[in-house]
file entry-v9.pdb (PDB, C-alpha atoms and all ligand atoms)
ATOM      1  CA  MET A  12       5.259  20.864   3.881  1.00  0.00           C
ATOM      2  CA  GLY A  13       4.600  18.347   6.680  1.00  0.00           C
ATOM      3  CA  LYS A  14       6.982  15.940   8.254  1.00  0.00           C
ATOM      4  CA  ARG A  15       9.067  13.646   6.130  1.00  0.00           C
ATOM      5  CA  TRP A  16       9.816  10.922   8.639  1.00  0.00           C
ATOM      6  CA  PRO A  17       6.972   8.605   7.444  1.00  0.00           C
ATOM      7  CA  LEU A  18       8.938   8.227   4.201  1.00  0.00           C
ATOM      8  CA  ALA A  19      11.883   6.859   6.191  1.00  0.00           C
ATOM      9  CA  VAL A  20       9.511   4.648   8.223  1.00  0.00           C
ATOM     10  CA  GLY A  21       8.223   3.019   5.000  1.00  0.00           C
ATOM     11  CA  PHE A  22      11.684   2.427   3.584  1.00  0.00           C
ATOM     12  CA  VAL A  23      13.104   1.020   6.831  1.00  0.00           C
ATOM     13  CA  ALA A  24       9.993  -1.203   7.232  1.00  0.00           C
ATOM     14  CA  GLY A  25      10.564  -2.628   3.729  1.00  0.00           C
ATOM     15  CA  LEU A  26      14.270  -3.227   4.354  1.00  0.00           C
ATOM     16  CA  SER A  27      13.511  -4.858   7.731  1.00  0.00           C
ATOM     17  CA  ALA A  28      11.043  -7.233   6.030  1.00  0.00           C
ATOM     18  CA  VAL A  29      13.737  -8.229   3.530  1.00  0.00           C
ATOM     19  CA  TRP A  30      16.250  -8.721   6.327  1.00  0.00           C
ATOM     20  CA  LEU A  31      13.773 -10.948   8.193  1.00  0.00           C
ATOM     21  CA  GLY A  32      13.107 -12.976   5.041  1.00  0.00           C
ATOM     22  CA  LEU A  33      16.819 -13.460   4.351  1.00  0.00           C
ATOM     23  CA  ALA A  34      17.505 -14.350   8.006  1.00  0.00           C
ATOM     24  CA  THR A  35      14.765 -16.996   8.271  1.00  0.00           C
ATOM     25  CA  GLY A  36      14.461 -18.573   4.778  1.00  0.00           C
ATOM     26  CA  HIS A  37      15.940 -22.003   3.999  1.00  0.00           C
ATOM     27  CA  ASP A  38      17.318 -21.269   0.536  1.00  0.00           C
ATOM     28  CA  ALA A  39      17.408 -18.349  -1.886  1.00  0.00           C
ATOM     29  CA  ALA A  40      13.924 -19.023  -3.307  1.00  0.00           C
ATOM     30  CA  ASP A  41      12.379 -19.323   0.180  1.00  0.00           C
ATOM     31  CA  GLN A  42      14.302 -16.289   1.492  1.00  0.00           C
ATOM     32  CA  TRP A  43      13.176 -13.976  -1.321  1.00  0.00           C
ATOM     33  CA  SER A  44       9.656 -15.374  -1.290  1.00  0.00           C
ATOM     34  CA  ARG A  45       9.412 -14.528   2.431  1.00  0.00           C
ATOM     35  CA  ALA A  46      10.913 -11.104   1.727  1.00  0.00           C
ATOM     36  CA  ALA A  47       8.271 -10.520  -0.989  1.00  0.00           C
ATOM     37  CA  ARG A  48       5.427 -11.606   1.301  1.00  0.00           C
ATOM     38  CA  TRP A  49       6.613  -9.631   4.298  1.00  0.00           C
ATOM     39  CA  THR A  50       7.323  -6.415   2.407  1.00  0.00           C
ATOM     40  CA  ALA A  51       3.697  -6.523   1.178  1.00  0.00           C
ATOM     41  CA  ARG A  52       2.434  -7.411   4.652  1.00  0.00           C
ATOM     42  CA  ILE A  53       4.181  -4.478   6.349  1.00  0.00           C
ATOM     43  CA  GLY A  54       3.401  -2.123   3.450  1.00  0.00           C
ATOM     44  CA  LEU A  55      -0.347  -2.706   3.808  1.00  0.00           C
ATOM     45  CA  PRO A  56      -0.903  -0.827   7.122  1.00  0.00           C
ATOM     46  CA  ILE A  57       1.261   2.038   5.850  1.00  0.00           C
ATOM     47  CA  PHE A  58      -0.868   2.207   2.702  1.00  0.00           C
ATOM     48  CA  LEU A  59      -4.116   2.024   4.665  1.00  0.00           C
ATOM     49  CA  LEU A  60      -3.044   4.903   6.934  1.00  0.00           C
ATOM     50  CA  THR A  61      -2.753   7.021   3.773  1.00  0.00           C
ATOM     51  CA  TYR A  62      -6.000   5.621   2.353  1.00  0.00           C
ATOM     52  CA  ALA A  63      -8.011   6.396   5.500  1.00  0.00           C
ATOM     53  CA  ALA A  64      -6.114   9.494   6.767  1.00  0.00           C
ATOM     54  CA  SER A  65      -8.664  12.174   5.868  1.00  0.00           C
ATOM     55  CA  SER A  66     -11.604   9.960   6.931  1.00  0.00           C
ATOM     56  CA  LEU A  67     -10.016   9.260  10.329  1.00  0.00           C
ATOM     57  CA  GLY A  68      -9.504  13.016  10.736  1.00  0.00           C
ATOM     58  CA  ARG A  69     -13.161  13.730   9.930  1.00  0.00           C
ATOM     59  CA  LEU A  70     -14.542  11.003  12.181  1.00  0.00           C
ATOM     60  CA  TRP A  71     -12.245  11.512  15.156  1.00  0.00           C
ATOM     61  CA  PRO A  72     -10.769  15.027  15.100  1.00  0.00           C
ATOM     62  CA  GLY A  73      -7.753  15.263  17.382  1.00  0.00           C
ATOM     63  CA  GLY A  74      -4.009  15.870  17.461  1.00  0.00           C
ATOM     64  CA  LEU A  75      -2.993  12.441  16.172  1.00  0.00           C
ATOM     65  CA  THR A  76      -5.510  12.217  13.335  1.00  0.00           C
ATOM     66  CA  ARG A  77      -4.823  15.836  12.345  1.00  0.00           C
ATOM     67  CA  SER A  78      -1.107  15.216  11.993  1.00  0.00           C
ATOM     68  CA  LEU A  79      -1.792  11.990  10.047  1.00  0.00           C
ATOM     69  CA  TRP A  80      -4.103  13.943   7.716  1.00  0.00           C
ATOM     70  CA  GLN A  81      -1.575  16.757   7.269  1.00  0.00           C
ATOM     71  CA  ASP A  82       1.286  14.358   6.639  1.00  0.00           C
ATOM     72  CA  ARG A  83      -0.594  11.831   4.494  1.00  0.00           C
ATOM     73  CA  ARG A  84       1.530  12.707   1.474  1.00  0.00           C
ATOM     74  CA  TRP A  85       4.597  11.488   3.354  1.00  0.00           C
ATOM     75  CA  TRP A  86       2.820   8.326   4.491  1.00  0.00           C
ATOM     76  CA  GLY A  87       1.916   7.696   0.854  1.00  0.00           C
ATOM     77  CA  LEU A  88       5.531   8.180  -0.172  1.00  0.00           C
ATOM     78  CA  GLY A  89       6.556   5.862   2.682  1.00  0.00           C
ATOM     79  CA  PHE A  90       4.276   3.198   1.243  1.00  0.00           C
ATOM     80  CA  ALA A  91       5.744   3.779  -2.249  1.00  0.00           C
ATOM     81  CA  ALA A  92       9.255   3.300  -0.805  1.00  0.00           C
ATOM     82  CA  CYS A  93       8.211   0.109   1.001  1.00  0.00           C
ATOM     83  CA  HIS A  94       6.523  -1.284  -2.098  1.00  0.00           C
ATOM     84  CA  THR A  95       9.565  -0.516  -4.221  1.00  0.00           C
ATOM     85  CA  VAL A  96      11.390  -2.911  -1.898  1.00  0.00           C
ATOM     86  CA  HIS A  97       8.545  -5.436  -2.548  1.00  0.00           C
ATOM     87  CA  LEU A  98       9.270  -5.071  -6.283  1.00  0.00           C
ATOM     88  CA  TYR A  99      12.951  -5.803  -5.754  1.00  0.00           C
ATOM     89  CA  ALA A 100      12.194  -8.793  -3.507  1.00  0.00           C
ATOM     90  CA  LEU A 101       9.638 -10.307  -5.878  1.00  0.00           C
ATOM     91  CA  VAL A 102      11.980 -10.002  -8.873  1.00  0.00           C
ATOM     92  CA  ARG A 103      14.629 -11.856  -6.834  1.00  0.00           C
ATOM     93  CA  ALA A 104      12.004 -14.431  -5.728  1.00  0.00           C
ATOM     94  CA  LEU A 105      10.794 -15.117  -9.274  1.00  0.00           C
ATOM     95  CA  ASP A 106      14.403 -15.298 -10.460  1.00  0.00           C
ATOM     96  CA  ALA A 107      15.454 -17.705  -7.683  1.00  0.00           C
ATOM     97  CA  LYS A 108      12.424 -19.944  -8.318  1.00  0.00           C
ATOM     98  CA  GLY A 109      13.000 -19.772 -12.069  1.00  0.00           C
ATOM     99  CA  GLU A 110       9.269 -19.121 -12.445  1.00  0.00           C
ATOM    100  CA  GLU A 111       7.901 -17.949 -15.758  1.00  0.00           C
ATOM    101  CA  ARG A 112       4.992 -15.541 -15.439  1.00  0.00           C
ATOM    102  CA  THR A 113       2.531 -14.817 -18.221  1.00  0.00           C
ATOM    103  CA  LEU A 114       1.965 -11.212 -19.199  1.00  0.00           C
ATOM    104  CA  ALA A 115      -1.697 -11.519 -18.150  1.00  0.00           C
ATOM    105  CA  SER A 116      -0.719 -12.527 -14.594  1.00  0.00           C
ATOM    106  CA  LEU A 117       1.696  -9.579 -14.338  1.00  0.00           C
ATOM    107  CA  LEU A 118      -0.766  -7.015 -15.669  1.00  0.00           C
ATOM    108  CA  PRO A 119      -2.845  -6.058 -12.556  1.00  0.00           C
ATOM    109  CA  GLY A 120       0.213  -5.801 -10.276  1.00  0.00           C
ATOM    110  CA  GLY A 121       2.291  -4.126 -12.998  1.00  0.00           C
ATOM    111  CA  LEU A 122      -0.446  -1.536 -13.530  1.00  0.00           C
ATOM    112  CA  ALA A 123      -0.574  -0.972  -9.763  1.00  0.00           C
ATOM    113  CA  TYR A 124       3.151  -0.138  -9.877  1.00  0.00           C
ATOM    114  CA  ALA A 125       2.517   2.360 -12.683  1.00  0.00           C
ATOM    115  CA  VAL A 126      -0.214   3.895 -10.492  1.00  0.00           C
ATOM    116  CA  ILE A 127       2.083   3.993  -7.421  1.00  0.00           C
ATOM    117  CA  LEU A 128       4.736   5.756  -9.523  1.00  0.00           C
ATOM    118  CA  ALA A 129       2.218   8.263 -10.930  1.00  0.00           C
ATOM    119  CA  LEU A 130       0.900   9.066  -7.429  1.00  0.00           C
ATOM    120  CA  ALA A 131       4.420   9.407  -5.994  1.00  0.00           C
ATOM    121  CA  LEU A 132       5.583  11.681  -8.836  1.00  0.00           C
ATOM    122  CA  THR A 133       2.546  13.960  -8.431  1.00  0.00           C
ATOM    123  CA  SER A 134       2.742  14.166  -4.616  1.00  0.00           C
ATOM    124  CA  SER A 135       3.836  17.799  -4.604  1.00  0.00           C
ATOM    125  CA  ASP A 136       2.187  21.215  -4.344  1.00  0.00           C
ATOM    126  CA  ALA A 137       3.463  22.082  -7.824  1.00  0.00           C
ATOM    127  CA  ALA A 138       1.790  19.005  -9.356  1.00  0.00           C
ATOM    128  CA  MET A 139      -1.434  19.782  -7.476  1.00  0.00           C
ATOM    129  CA  ARG A 140      -1.479  23.299  -8.925  1.00  0.00           C
ATOM    130  CA  LYS A 141      -0.676  22.089 -12.435  1.00  0.00           C
ATOM    131  CA  LEU A 142      -3.179  19.220 -12.596  1.00  0.00           C
ATOM    132  CA  ARG A 143      -5.963  21.064 -10.712  1.00  0.00           C
ATOM    133  CA  ARG A 144      -9.148  18.948 -10.694  1.00  0.00           C
ATOM    134  CA  ASN A 145      -7.394  16.104 -12.492  1.00  0.00           C
ATOM    135  CA  TRP A 146      -5.029  15.751  -9.523  1.00  0.00           C
ATOM    136  CA  LYS A 147      -7.946  14.756  -7.297  1.00  0.00           C
ATOM    137  CA  ARG A 148      -9.307  12.382  -9.956  1.00  0.00           C
ATOM    138  CA  LEU A 149      -5.895  10.721 -10.388  1.00  0.00           C
ATOM    139  CA  HIS A 150      -5.256  10.329  -6.665  1.00  0.00           C
ATOM    140  CA  SER A 151      -8.754   9.175  -5.841  1.00  0.00           C
ATOM    141  CA  ALA A 152      -8.882   6.565  -8.641  1.00  0.00           C
ATOM    142  CA  GLY A 153      -5.267   5.495  -7.984  1.00  0.00           C
ATOM    143  CA  ILE A 154      -5.644   4.946  -4.264  1.00  0.00           C
ATOM    144  CA  HIS A 155      -8.805   2.876  -4.792  1.00  0.00           C
ATOM    145  CA  TYR A 156      -7.067   0.765  -7.422  1.00  0.00           C
ATOM    146  CA  ILE A 157      -4.174  -0.010  -5.033  1.00  0.00           C
ATOM    147  CA  TRP A 158      -6.740  -0.870  -2.331  1.00  0.00           C
ATOM    148  CA  LEU A 159      -8.417  -3.253  -4.809  1.00  0.00           C
ATOM    149  CA  ILE A 160      -5.151  -5.003  -5.714  1.00  0.00           C
ATOM    150  CA  PHE A 161      -4.330  -5.535  -2.026  1.00  0.00           C
ATOM    151  CA  THR A 162      -7.849  -6.814  -1.318  1.00  0.00           C
ATOM    152  CA  LEU A 163      -7.815  -9.199  -4.294  1.00  0.00           C
ATOM    153  CA  ALA A 164      -4.283 -10.435  -3.497  1.00  0.00           C
ATOM    154  CA  TYR A 165      -5.371 -11.375   0.018  1.00  0.00           C
ATOM    155  CA  ALA A 166      -8.870 -12.589  -0.939  1.00  0.00           C
ATOM    156  CA  GLY A 167      -7.194 -15.043  -3.321  1.00  0.00           C
ATOM    157  CA  ARG A 168      -5.323 -16.519  -0.334  1.00  0.00           C
ATOM    158  CA  LEU A 169      -8.483 -17.156   1.712  1.00  0.00           C
ATOM    159  CA  MET A 170      -9.246 -20.532   0.091  1.00  0.00           C
ATOM    160  CA  ASN A 171      -5.884 -22.078   0.986  1.00  0.00           C
ATOM    161  CA  ALA A 172      -5.624 -23.224   4.638  1.00  0.00           C
ATOM    162  CA  ASP A 173      -1.857 -22.431   4.712  1.00  0.00           C
ATOM    163  CA  THR A 174      -2.318 -18.814   3.692  1.00  0.00           C
ATOM    164  CA  ARG A 175      -5.668 -18.179   5.411  1.00  0.00           C
ATOM    165  CA  PRO A 176      -4.261 -16.408   8.541  1.00  0.00           C
ATOM    166  CA  GLU A 177      -2.487 -13.712   6.497  1.00  0.00           C
ATOM    167  CA  ALA A 178      -5.490 -13.512   4.163  1.00  0.00           C
ATOM    168  CA  ILE A 179      -7.770 -12.764   7.136  1.00  0.00           C
ATOM    169  CA  TYR A 180      -5.261 -10.125   8.307  1.00  0.00           C
ATOM    170  CA  GLY A 181      -5.169  -8.491   4.872  1.00  0.00           C
ATOM    171  CA  VAL A 182      -8.842  -8.672   3.928  1.00  0.00           C
ATOM    172  CA  GLY A 183      -9.812  -7.619   7.473  1.00  0.00           C
ATOM    173  CA  LEU A 184      -7.591  -4.509   7.396  1.00  0.00           C
ATOM    174  CA  CYS A 185      -8.704  -3.560   3.868  1.00  0.00           C
ATOM    175  CA  LEU A 186     -12.403  -3.871   4.741  1.00  0.00           C
ATOM    176  CA  ALA A 187     -11.935  -1.978   8.030  1.00  0.00           C
ATOM    177  CA  ALA A 188     -10.268   0.904   6.151  1.00  0.00           C
ATOM    178  CA  LEU A 189     -13.082   0.912   3.574  1.00  0.00           C
ATOM    179  CA  ALA A 190     -15.656   1.004   6.380  1.00  0.00           C
ATOM    180  CA  VAL A 191     -13.876   4.042   7.870  1.00  0.00           C
ATOM    181  CA  ARG A 192     -14.038   5.831   4.503  1.00  0.00           C
ATOM    182  CA  ILE A 193     -17.729   5.016   4.059  1.00  0.00           C
ATOM    183  CA  ALA A 194     -18.531   6.204   7.613  1.00  0.00           C
ATOM    184  CA  ALA A 195     -16.695   9.508   6.991  1.00  0.00           C
ATOM    185  CA  TRP A 196     -18.473   9.960   3.652  1.00  0.00           C
ATOM    186  CA  ARG A 197     -21.878   9.373   5.300  1.00  0.00           C
ATOM    187  CA  LYS A 198     -21.021  11.790   8.093  1.00  0.00           C
ATOM    188  CA  GLY A 199     -20.103  14.397   5.457  1.00  0.00           C
ATOM    189  CA  LYS A 200     -23.434  13.901   3.685  1.00  0.00           C
ATOM    190  CA  ARG A 201     -25.384  14.372   6.921  1.00  0.00           C
ATOM    191  CA  ALA A 202     -23.500  17.545   7.880  1.00  0.00           C
TER     192      ALA A 202
HETATM  193  C1  LIG A 301       3.693  -7.330 -11.291  1.00  0.00           C
HETATM  194  C2  LIG A 301       3.726  -6.977 -10.019  1.00  0.00           C
HETATM  195  C3  LIG A 301       3.767  -7.947  -8.876  1.00  0.00           C
HETATM  196  C4  LIG A 301       4.271  -9.232  -8.807  1.00  0.00           C
HETATM  197  C5  LIG A 301       4.921 -10.056  -9.928  1.00  0.00           C
HETATM  198  C6  LIG A 301       4.122  -9.681  -7.437  1.00  0.00           C
HETATM  199  C7  LIG A 301       4.577 -10.892  -6.963  1.00  0.00           C
HETATM  200  C8  LIG A 301       4.475 -11.318  -5.662  1.00  0.00           C
HETATM  201  C9  LIG A 301       5.139 -12.482  -5.100  1.00  0.00           C
HETATM  202  C10 LIG A 301       6.105 -13.396  -5.867  1.00  0.00           C
HETATM  203  C11 LIG A 301       4.721 -12.602  -3.823  1.00  0.00           C
HETATM  204  C12 LIG A 301       5.134 -13.703  -2.830  1.00  0.00           C
HETATM  205  C13 LIG A 301       4.253 -14.897  -3.120  1.00  0.00           C
HETATM  206  C14 LIG A 301       4.602 -16.099  -2.283  1.00  0.00           C
HETATM  207  O1  LIG A 301       5.763 -16.536  -2.299  1.00  0.00           O
HETATM  208  O2  LIG A 301       3.681 -16.590  -1.619  1.00  0.00           O
HETATM  209  C15 LIG A 301       3.782 -11.521  -3.564  1.00  0.00           C
HETATM  210  C16 LIG A 301       3.080 -11.338  -2.398  1.00  0.00           C
HETATM  211  C17 LIG A 301       2.150 -10.348  -2.227  1.00  0.00           C
HETATM  212  N1  LIG A 301       1.984  -9.206  -3.027  1.00  0.00           N
HETATM  213 FE1  LIG A 301       2.927  -8.843  -4.761  1.00  0.00          FE
HETATM  214  N2  LIG A 301       3.520  -8.693  -6.705  1.00  0.00           N
HETATM  215  C18 LIG A 301       3.275  -7.631  -7.538  1.00  0.00           C
HETATM  216  C19 LIG A 301       2.687  -6.427  -7.199  1.00  0.00           C
HETATM  217  C20 LIG A 301       1.957  -6.234  -6.051  1.00  0.00           C
HETATM  218  C21 LIG A 301       1.180  -5.048  -5.737  1.00  0.00           C
HETATM  219  C22 LIG A 301       1.133  -3.795  -6.591  1.00  0.00           C
HETATM  220  C23 LIG A 301       0.549  -5.292  -4.548  1.00  0.00           C
HETATM  221  C24 LIG A 301      -0.370  -4.414  -3.743  1.00  0.00           C
HETATM  222  C25 LIG A 301      -0.817  -3.243  -4.125  1.00  0.00           C
HETATM  223  C26 LIG A 301       0.952  -6.609  -4.106  1.00  0.00           C
HETATM  224  C27 LIG A 301       0.498  -7.232  -2.950  1.00  0.00           C
HETATM  225  C28 LIG A 301       0.956  -8.461  -2.513  1.00  0.00           C
HETATM  226  C29 LIG A 301       0.419  -9.128  -1.341  1.00  0.00           C
HETATM  227  C30 LIG A 301      -0.721  -8.607  -0.478  1.00  0.00           C
HETATM  228  C31 LIG A 301       1.159 -10.308  -1.158  1.00  0.00           C
HETATM  229  C32 LIG A 301       0.967 -11.339  -0.043  1.00  0.00           C
HETATM  230  C33 LIG A 301       1.588 -10.873   1.238  1.00  0.00           C
HETATM  231  C34 LIG A 301       1.357 -11.822   2.395  1.00  0.00           C
HETATM  232  O3  LIG A 301       1.554 -13.038   2.251  1.00  0.00           O
HETATM  233  O4  LIG A 301       0.999 -11.315   3.477  1.00  0.00           O
HETATM  234  N3  LIG A 301       1.822  -7.128  -5.030  1.00  0.00           N
HETATM  235  N4  LIG A 301       3.681 -10.735  -4.697  1.00  0.00           N
END

call {"tool": "encode", "arguments": {"input": "entry-v9.pdb", "output": "structure tokens", "more": "lines below"}}
Ligand code: HEM
result
Amino acid sequence: MGKRWPLAVGFVAGLSAVWLGLATGHDAADQWSRAARWTARIGLPIFLLTYAASSLGRLWPGGLTRSLWQDRRWWGLGFAACHTVHLYALVRALDAKGEERTLASLLPGGLAYAVILALALTSSDAAMRKLRRNWKRLHSAGIHYIWLIFTLAYAGRLMNADTRPEAIYGVGLCLAALAVRIAAWRKGKRA
């Protein structure tokens, strides 16, 4: 069953990011835009803990990594909760800015939300039993797709001097987590 507190951690982190955005923004558009950015920024490490949990456990077996591995479902659900807050904040941001978005620009992120929902809804022992090998396929493809959307979102901010610091933070964390997964995979092949 594992411990459920990471779910609360994700939700509270998302709400805190919104609070910070609302407390520091100059007007509604700026407040919700900050809330959207900061919910994504705080959601990223929570997502990456889920993404790298089993690899961290394989590379560095120990109490902390074992409990992260065992509870990774709840960390994943914590990320889903945090990113649901991102969805709310970005809808408010787009509304306050009066920005029109084309369907094409909404597609990659929209699909990522469909993936997050599918992963969250199948994060149970019953779903694992029912989907069997397809469960692993769904979760493996889904988690890599979310990683890709995060990486691309931050990589796109690298070219702009104003957004470069957060882009380095995001791309750096994403690549570090990928490196951990590759190292664990190579260790598994050698064993
Ligand atoms: C259709 C769905 C989505 C829309 C319309 C959307 C929209 C937004 C908006 C409006 C911002 C704030 C931009 C700004 O004011 O600078 C933002 C930031 C961001 N979003 Fe989303 N988003 C979506 C889905 C996602 C998903 C699924 C992910 C990740 C898996 C994601 C990751 C990010 C990141 C990394 C940032 C930048 C955070 C930072 O500055 O540190 N977004 N998004």

call {"tool": "resolve_selection", "arguments": {"input": "entry-v9.pdb", "expression": "the PyMOL selection byres (((not hetatm)) within 7 of (chain A and resi 301))", "output": "ChimeraX atom specification"}}
result
/A:44-45,47-49,51-52,97-98,101,104-105,117-121,123-124,157-158,160-161,164-165,177-178,181

call {"tool": "closest_residue", "arguments": {"input": "entry-v9.pdb", "among": "A:Leu18, A:Ala172, A:Ile53, A:Leu114", "to": "Leu31 of chain A", "atoms": "all atoms listed in the file"}}
result
A:Ile53

call {"tool": "closest_residue", "arguments": {"input": "entry-v9.pdb", "among": "A:Ser116, A:Ser66, A:Thr50, A:Ser151", "to": "Ala92 of chain A", "atoms": "all atoms listed in the file"}}
result
A:Thr50

call {"tool": "residues_around", "arguments": {"input": "entry-v9.pdb", "residues": "Leu79 of chain A", "least_positions_apart": "6", "cutoff": "8 Å", "atoms": "all atoms listed in the file", "output": "list in words"}}
result
Leu60, Ala64 and Gly68 of chain A

call {"tool": "resolve_selection", "arguments": {"input": "entry-v9.pdb", "expression": "the PyMOL selection byres (((chain A and resi 185-192) around 10) and not hetatm)", "output": "MDAnalysis selection string"}}
result
chainID A and resid 55:56 58:67 69:70 155 158:159 161:163 165 179:184 193:198

call {"tool": "atom_distance", "arguments": {"input": "entry-v9.pdb", "atom1": "atom CA of Trp86 of chain A", "atom2": "atom CA of Ala166 of chain A"}}
result
24.6 Å

call {"tool": "residues_around", "arguments": {"input": "entry-v9.pdb", "residues": "Leu33 of chain A", "least_positions_apart": "2", "cutoff": "8 Å", "atoms": "all atoms listed in the file", "output": "PyMOL selection string"}}
result
chain A and resi 29-31+35-36+39+42-43+45-46

call {"tool": "closest_residue", "arguments": {"input": "entry-v9.pdb", "among": "A:Gly74, A:Ala137, A:Asp38, A:Leu130", "to": "Leu149 of chain A", "atoms": "all atoms listed in the file"}}
result
A:Leu130

call {"tool": "atom_distance", "arguments": {"input": "entry-v9.pdb", "atom1": "atom CA of His94 of chain A", "atom2": "atom CA of Gly25 of chain A"}}
result
7.2 Å

call {"tool": "atom_distance", "arguments": {"input": "entry-v9.pdb", "atom1": "atom CA of Lys147 of chain A", "atom2": "atom CA of Arg83 of chain A"}}
result
14.2 Å

call {"tool": "closest_residue", "arguments": {"input": "entry-v9.pdb", "among": "A:Ala40, A:Gly32, A:Arg140, A:Phe22", "to": "Gly109 of chain A", "atoms": "all atoms listed in the file"}}
result
A:Ala40

call {"tool": "build_atoms", "arguments": {"input": "entry-v9.pdb", "residues": "segment 77-90 of chain A", "atoms": "N, CA, C and O atoms", "output": "short mmCIF file (atom, residue, chain, number, x, y, z; two decimals), in the frame of the given file"}}
result
data_model
loop_
_atom_site.label_atom_id
_atom_site.label_comp_id
_atom_site.auth_asym_id
_atom_site.auth_seq_id
_atom_site.Cartn_x
_atom_site.Cartn_y
_atom_site.Cartn_z
N ARG A 77 -5.12 14.63 13.13
CA ARG A 77 -4.82 15.84 12.34
C ARG A 77 -3.43 15.75 11.74
O ARG A 77 -3.22 16.07 10.57
N SER A 78 -2.47 15.28 12.55
CA SER A 78 -1.11 15.22 11.99
C SER A 78 -1.02 14.12 10.92
O SER A 78 -0.32 14.27 9.92
N LEU A 79 -1.77 13.02 11.09
CA LEU A 79 -1.79 11.99 10.05
C LEU A 79 -2.38 12.57 8.75
O LEU A 79 -1.84 12.35 7.65
N TRP A 80 -3.44 13.32 8.87
CA TRP A 80 -4.10 13.94 7.72
C TRP A 80 -3.13 14.91 7.02
O TRP A 80 -2.94 14.87 5.80
N GLN A 81 -2.49 15.77 7.85
CA GLN A 81 -1.58 16.76 7.27
C GLN A 81 -0.39 16.09 6.58
O GLN A 81 0.10 16.57 5.56
N ASP A 82 0.07 15.00 7.16
CA ASP A 82 1.29 14.36 6.64
C ASP A 82 0.98 13.19 5.72
O ASP A 82 1.85 12.38 5.44
N ARG A 83 -0.26 13.06 5.23
CA ARG A 83 -0.59 11.83 4.49
C ARG A 83 0.22 11.67 3.22
O ARG A 83 0.47 10.56 2.77
N ARG A 84 0.66 12.80 2.65
CA ARG A 84 1.53 12.71 1.47
C ARG A 84 2.80 11.90 1.80
O ARG A 84 3.24 11.08 1.02
N TRP A 85 3.34 12.16 2.99
CA TRP A 85 4.60 11.49 3.35
C TRP A 85 4.36 10.04 3.72
O TRP A 85 5.22 9.18 3.52
N TRP A 86 3.16 9.74 4.26
CA TRP A 86 2.82 8.33 4.49
C TRP A 86 2.66 7.60 3.16
O TRP A 86 3.08 6.45 3.01
N GLY A 87 2.07 8.29 2.19
CA GLY A 87 1.92 7.70 0.85
C GLY A 87 3.27 7.42 0.22
O GLY A 87 3.50 6.37 -0.38
N LEU A 88 4.19 8.38 0.39
CA LEU A 88 5.53 8.18 -0.17
C LEU A 88 6.27 7.08 0.59
O LEU A 88 7.06 6.33 0.01
N GLY A 89 5.98 6.96 1.89
CA GLY A 89 6.56 5.86 2.68
C GLY A 89 6.09 4.52 2.16
O GLY A 89 6.87 3.57 2.03
N PHE A 90 4.79 4.44 1.82
CA PHE A 90 4.28 3.20 1.24
C PHE A 90 4.95 2.92 -0.11
O PHE A 90 5.35 1.78 -0.39
#
